[in-house]
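S.K.: Input structure: coords27.txt, which contains compact mmCIF, C-alpha atoms.
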```txt
# COMPACT_ATOMS: atom_id res chain seq x y z
CA MET A 5 0.00 0.00 0.00
CA LEU A 6 1.29 3.44 -0.96
CA SER A 7 2.17 5.50 2.12
CA VAL A 8 1.86 9.13 1.07
CA MET A 9 3.36 11.93 3.09
CA LYS A 10 0.98 14.83 3.80
CA ILE A 11 2.21 18.38 3.19
CA ARG A 12 0.68 20.78 5.71
CA SER A 13 2.92 23.82 5.31
CA ALA A 14 5.73 25.01 3.06
CA ARG A 15 7.54 28.32 2.78
CA PHE A 16 10.54 29.82 1.09
CA ALA A 17 13.30 29.78 3.70
CA GLY A 18 16.09 31.59 1.85
CA GLY A 19 18.68 31.33 -0.87
CA ALA A 20 22.43 30.81 -0.98
CA ARG A 21 25.11 31.60 -3.56
CA SER A 22 27.82 29.57 -1.85
CA LEU A 23 28.06 26.57 0.45
CA ARG A 24 28.92 28.75 3.44
CA GLU A 25 25.76 30.81 2.86
CA CYS A 26 23.59 27.69 3.23
CA PRO A 27 21.45 27.74 6.39
CA ALA A 28 22.84 26.06 9.48
CA TRP A 29 19.84 24.00 10.53
CA PRO A 30 19.10 20.39 11.53
CA TYR A 31 16.65 19.63 8.71
CA PRO A 32 17.34 16.90 6.14
CA GLU A 33 17.33 18.16 2.56
CA ILE A 34 15.95 16.69 -0.67
CA ALA A 35 17.49 18.39 -3.71
CA LEU A 36 15.97 18.98 -7.15
CA ILE A 37 18.17 19.45 -10.20
CA GLY A 38 17.88 19.09 -13.95
CA ARG A 39 18.62 20.62 -17.29
CA SER A 40 17.43 24.22 -17.65
CA ASN A 41 13.76 24.45 -18.64
CA VAL A 42 12.97 20.92 -17.44
CA GLY A 43 10.27 22.30 -15.13
CA LYS A 44 11.93 22.45 -11.70
CA SER A 45 9.96 25.42 -10.37
CA SER A 46 6.67 23.94 -11.58
CA LEU A 47 7.54 20.69 -9.83
CA VAL A 48 8.33 22.50 -6.56
CA ASN A 49 4.89 24.15 -6.63
CA PHE A 50 3.20 20.90 -7.66
CA LEU A 51 4.94 18.76 -5.05
CA LEU A 52 4.41 21.23 -2.19
CA ASN A 53 0.89 22.07 -3.38
CA GLN A 54 1.41 25.82 -3.38
CA ARG A 55 0.96 27.73 -6.61
CA GLY A 56 3.52 30.50 -6.95
CA LEU A 57 5.80 29.31 -4.14
CA ALA A 58 8.65 28.92 -6.61
CA LYS A 59 8.72 31.48 -9.40
CA VAL A 60 8.12 29.89 -12.79
CA SER A 61 9.81 31.65 -15.71
CA ALA A 62 9.66 31.16 -19.46
CA THR A 63 13.34 32.09 -19.52
CA PRO A 64 15.63 29.07 -19.01
CA GLY A 65 18.39 29.39 -16.44
CA LYS A 66 16.66 31.95 -14.23
CA THR A 67 17.61 30.18 -11.00
CA ARG A 68 21.03 31.52 -10.02
CA GLU A 69 21.29 30.24 -6.46
CA LEU A 70 20.25 27.44 -4.16
CA ASN A 71 16.66 28.03 -3.06
CA PHE A 72 15.45 26.36 0.12
CA PHE A 73 11.82 25.57 0.97
CA LEU A 74 11.03 24.46 4.52
CA VAL A 75 8.29 21.83 4.61
CA ASP A 76 6.22 21.15 7.74
CA ASP A 77 9.12 22.50 9.83
CA ALA A 78 10.63 19.05 9.37
CA TRP A 79 12.53 18.82 6.07
CA VAL A 80 13.73 21.00 3.22
CA LEU A 81 13.31 20.89 -0.55
CA ALA A 82 16.38 22.47 -2.18
CA ASP A 83 15.95 23.81 -5.72
CA LEU A 84 19.37 23.85 -7.42
CA PRO A 85 20.38 25.89 -10.50
CA GLY A 86 19.71 24.08 -13.75
CA TYR A 87 22.59 22.83 -15.83
CA GLY A 88 23.11 23.33 -19.54
CA TYR A 89 21.82 26.88 -19.97
CA ALA A 90 23.46 27.89 -23.27
CA LYS A 91 22.96 31.66 -22.84
CA ALA A 92 24.72 31.91 -19.48
CA SER A 93 28.12 33.51 -19.62
CA ARG A 94 31.21 31.37 -19.16
CA ALA A 95 31.79 32.97 -15.75
CA GLU A 96 28.19 32.26 -14.71
CA LYS A 97 28.46 28.64 -15.84
CA SER A 98 31.63 28.25 -13.81
CA LEU A 99 29.90 29.66 -10.73
CA PHE A 100 26.82 27.44 -11.25
CA ASN A 101 28.96 24.33 -11.58
CA GLU A 102 31.05 25.24 -8.54
CA LEU A 103 27.99 26.04 -6.45
CA VAL A 104 26.14 22.86 -7.43
CA GLY A 105 29.28 20.75 -7.08
CA ASP A 106 30.05 22.09 -3.61
CA TYR A 107 26.49 21.49 -2.44
CA LEU A 108 26.17 17.96 -3.83
CA GLU A 109 29.61 16.85 -2.64
CA ARG A 110 29.82 18.59 0.72
CA ARG A 111 26.40 19.48 2.14
CA ASP A 112 25.92 17.33 5.25
CA ASN A 113 22.14 17.89 5.31
CA LEU A 114 21.63 16.40 1.84
CA ARG A 115 19.75 13.09 1.93
CA HIS A 116 18.62 12.50 -1.66
CA VAL A 117 18.74 14.11 -5.11
CA LEU A 118 15.85 14.09 -7.57
CA VAL A 119 17.29 14.43 -11.08
CA LEU A 120 14.61 15.80 -13.41
CA ILE A 121 14.52 14.53 -17.01
CA ASP A 122 12.24 15.80 -19.80
CA SER A 123 10.19 12.72 -20.70
CA ARG A 124 9.56 13.95 -24.26
CA LEU A 125 13.21 13.82 -25.33
CA PRO A 126 15.55 10.99 -26.27
CA PRO A 127 18.47 10.53 -23.84
CA GLN A 128 20.43 13.79 -23.72
CA ARG A 129 24.20 13.67 -23.35
CA ILE A 130 24.17 16.42 -20.72
CA ASP A 131 21.73 14.42 -18.53
CA LEU A 132 23.77 11.25 -18.92
CA ASP A 133 27.06 13.01 -18.16
CA PHE A 134 25.60 14.77 -15.12
CA SER A 135 24.20 11.48 -13.79
CA ALA A 136 27.57 9.79 -14.23
CA TRP A 137 29.27 12.61 -12.32
CA LEU A 138 26.61 12.61 -9.59
CA ALA A 139 27.23 8.91 -9.01
CA THR A 140 30.85 9.71 -8.13
CA THR A 141 29.74 11.97 -5.25
CA GLY A 142 28.15 9.10 -3.34
CA ALA A 143 24.84 10.97 -3.10
CA ALA A 144 21.67 8.90 -3.28
CA PHE A 145 19.57 9.90 -6.28
CA SER A 146 16.66 8.93 -8.50
CA PHE A 147 15.18 10.15 -11.78
CA VAL A 148 11.91 12.04 -12.16
CA PHE A 149 10.59 12.28 -15.70
CA THR A 150 8.64 15.52 -16.15
CA LYS A 151 6.01 16.78 -18.60
CA ALA A 152 4.42 13.35 -18.95
CA ASP A 153 1.12 15.04 -19.88
CA LYS A 154 2.61 16.19 -23.19
CA GLN A 155 2.46 12.68 -24.65
CA SER A 156 0.83 9.30 -24.19
CA PRO A 157 1.77 7.05 -21.26
CA ALA A 158 3.18 4.57 -23.79
CA LYS A 159 5.55 7.20 -25.19
CA THR A 160 6.61 8.23 -21.69
CA GLY A 161 7.28 4.61 -20.81
CA ALA A 162 9.33 4.14 -23.97
CA SER A 163 11.31 7.31 -23.24
CA ILE A 164 12.10 6.11 -19.72
CA ALA A 165 13.19 2.71 -21.06
CA LEU A 166 15.54 4.37 -23.58
CA PHE A 167 17.07 6.53 -20.87
CA GLN A 168 17.53 3.55 -18.56
CA GLU A 169 19.26 1.65 -21.36
CA ALA A 170 21.61 4.57 -22.03
CA VAL A 171 22.46 5.35 -18.41
CA HIS A 172 22.84 1.78 -17.13
CA PRO A 173 26.41 1.17 -18.37
CA MET A 174 27.48 4.55 -16.96
CA LEU A 175 26.12 3.84 -13.49
CA GLY A 176 26.36 0.08 -13.26
CA GLY A 177 22.69 0.01 -12.34
CA ILE A 178 19.49 2.03 -12.62
CA PRO A 179 18.18 4.24 -9.81
CA GLU A 180 14.44 4.40 -9.25
CA CYS A 181 12.51 6.21 -11.99
CA LEU A 182 9.22 8.06 -11.59
CA ALA A 183 7.05 10.03 -14.03
CA CYS A 184 4.92 13.05 -13.23
CA SER A 185 3.02 15.96 -14.71
CA ALA A 186 2.85 19.25 -12.83
CA ALA A 187 0.30 20.56 -15.34
CA LYS A 188 -2.10 17.63 -14.92
CA ARG A 189 -1.08 16.88 -11.30
CA GLY A 190 -0.22 13.31 -12.18
CA GLY A 191 2.24 11.21 -10.19
CA ARG A 192 2.29 13.43 -7.08
CA ASP A 193 1.34 10.68 -4.60
CA ALA A 194 4.04 8.35 -5.89
CA LEU A 195 6.63 11.12 -5.76
CA LEU A 196 5.67 12.14 -2.23
CA ALA A 197 5.84 8.51 -1.12
CA HIS A 198 9.28 8.26 -2.69
CA VAL A 199 10.47 11.41 -0.89
CA GLY A 200 9.08 10.06 2.37
CA ARG A 201 11.02 6.83 1.98
CA ALA A 202 14.19 8.77 1.14
CA LEU A 203 13.84 10.83 4.31
CA GLU A 204 13.18 7.75 6.45
CA SER A 205 16.05 5.70 5.06
CA ALA A 206 18.72 8.44 5.21
```
Starting from the file, lay out its structure as structure tokens.

M.R.:
Amino acid sequence: MLSVMKIRSARFAGGARSLRECPAWPYPEIALIGRSNVGKSSLVNFLLNQRGLAKVSATPGKTRELNFFLVDDAWVLADLPGYGYAKASRAEKSLFNELVGDYLERRDNLRHVLVLIDSRLPPQRIDLDFSAWLATTGAAFSFVFTKADKQSPAKTGASIALFQEAVHPMLGGIPECLACSAAKRGGRDALLAHVGRALESA
């Protein structure tokens, strides 16, 4: 039986542009990351059931810092800058990579990383390369395939299977994969249950 965590409250708790600016608190953190324009902000609002909590922009790469959302005064959802934003300057890309790398490698509060993948696309090299690097950090992670409402369930399933086939030899295994749609509110219960298990097992 699916055990679904209930979200009673969620609020923006601050941002950080470096690891030392991250809040010093006891809460475990679940991080969200993905290619720019994969729908991270929409997923934050969808998962925490608060429209407008995270600012959704039509401009890829808007997130420039780590954004922390405190949930039920018990755990934190951390929205990380997207990777692969082509229009960011070289200096900005360097800062994004350093910031994300420092957080994922050195943040003691981190318990699990949700790597967002656009379910409409064939396996993207940038997603595969990031996943391979993430595996070297020792962080626990899983894949969340977004925008599943844009196509049939069969196409989403085929897309997930192709990605699993591509990433398997790079990781030596396949982390758990989930599909969701922020627009149609599909897959929220399964994702919340997954987050709950990640928090309990960490």

S.K.: Let me make sure I understand: among A:Leu108, A:Leu166, A:Ile37, A:Val75, which one has the smallest atom-to-atom distance to Ile178 of chain A if we use all atoms listed in the file?

M.R.: A:Leu166

S.K.: Using atom CA of Glu25 of chain A and atom CA of Tyr107 of chain A as the two end points, give the distance in Å to one decimal.

M.R.: 10.7 Å

S.K.: Within 10 Å of (8.2, 11.0, -11.2) (file coordinates; all atoms listed in the file), which protein or nucleic acid residues are there? I'd like them as a VMD selection string.

M.R.: chain A and resid 47 118 to 121 123 146 to 152 180 to 186 190 to 196 198

S.K.: From the set A:Asn71, A:Asn113, A:Thr141, A:Ser40, which residue has the shortest atom-to-atom contact distance to Phe16 of chain A, counting only C-alpha atoms?

M.R.: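 Closest to Phe16 of chain A, using only C-alpha atoms: A:Asn71.
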
S.K.: Atom CA of Val171 of chain A and atom CA of Ser135 of chain A are how many Å apart?

M.R.: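 About the pair atom CA of Val171 of chain A and atom CA of Ser135 of chain A: they are 7.9 Å apart.
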
S.K.: Can you list, as a PyMOL selection string, every protein, DNA or RNA residue that comes within 12 Å of Pro173 of chain A when you count only C-alpha atoms, leaving out same-chain residues fewer than 3 positions away?

M.R.: chain A and resi 132-133+135-136+167-170+176-178

S.K.: Do a neighbour search on segment 79-88 of chain A at 7 Å with all atoms listed in the file, toss out local chain neighbours closer than 4 positions, and write the hits as a list in words.

M.R.: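 Contacts, in chain order: Tyr31, Pro32, Glu33, Ile34, Ala35, Leu36, Ile37, Gly38, Arg39, Ser40, Gly65, Thr67, Arg68, Glu69, Leu70, Asn71, Phe72, Phe73, Leu74, Val75, Phe100 and Val104 of chain A.
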
S.K.: For a test of reading the model, state the distance in Å between atom CA of Gly19 of chain A and atom CA of Gln54 of chain A, rounded to one decimal.

M.R.: 18.3 Å

S.K.: Around all the atoms of segment 74-87 of chain A listed in the file, draw an axis-aligned box and extend it by 5 Å on each of the six sides; I want its centre and edge lengths in Å to one decimal, as JSON.

M.R.:
```
{"center_x": 14.4, "center_y": 22.4, "center_z": -3.0, "size_x": 26.4, "size_y": 17.1, "size_z": 35.7}
```

S.K.: Using only C-alpha atoms, which residues sit within 8 Å of Leu57 of chain A once same-chain residues fewer than 2 positions away are excluded, as an NGL selection string?

M.R.: :A and (15-16 or 48-49 or 54-55 or 59)

S.K.: Of the candidates A:Ser13, A:Lys44, A:Ala143, A:Leu203, which one gets nearest to Asp112 of chain A if we count all atoms listed in the file?

M.R.: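 Of A:Ser13, A:Lys44, A:Ala143, A:Leu203, the one nearest Asp112 of chain A is A:Ala143, counting all atoms listed in the file.
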
S.K.: Nearest to Gly43 of chain A: which of A:Ile130, A:Ala17, A:Ala58, A:Ala202 is it, counting only C-alpha atoms?

M.R.: A:Ala58
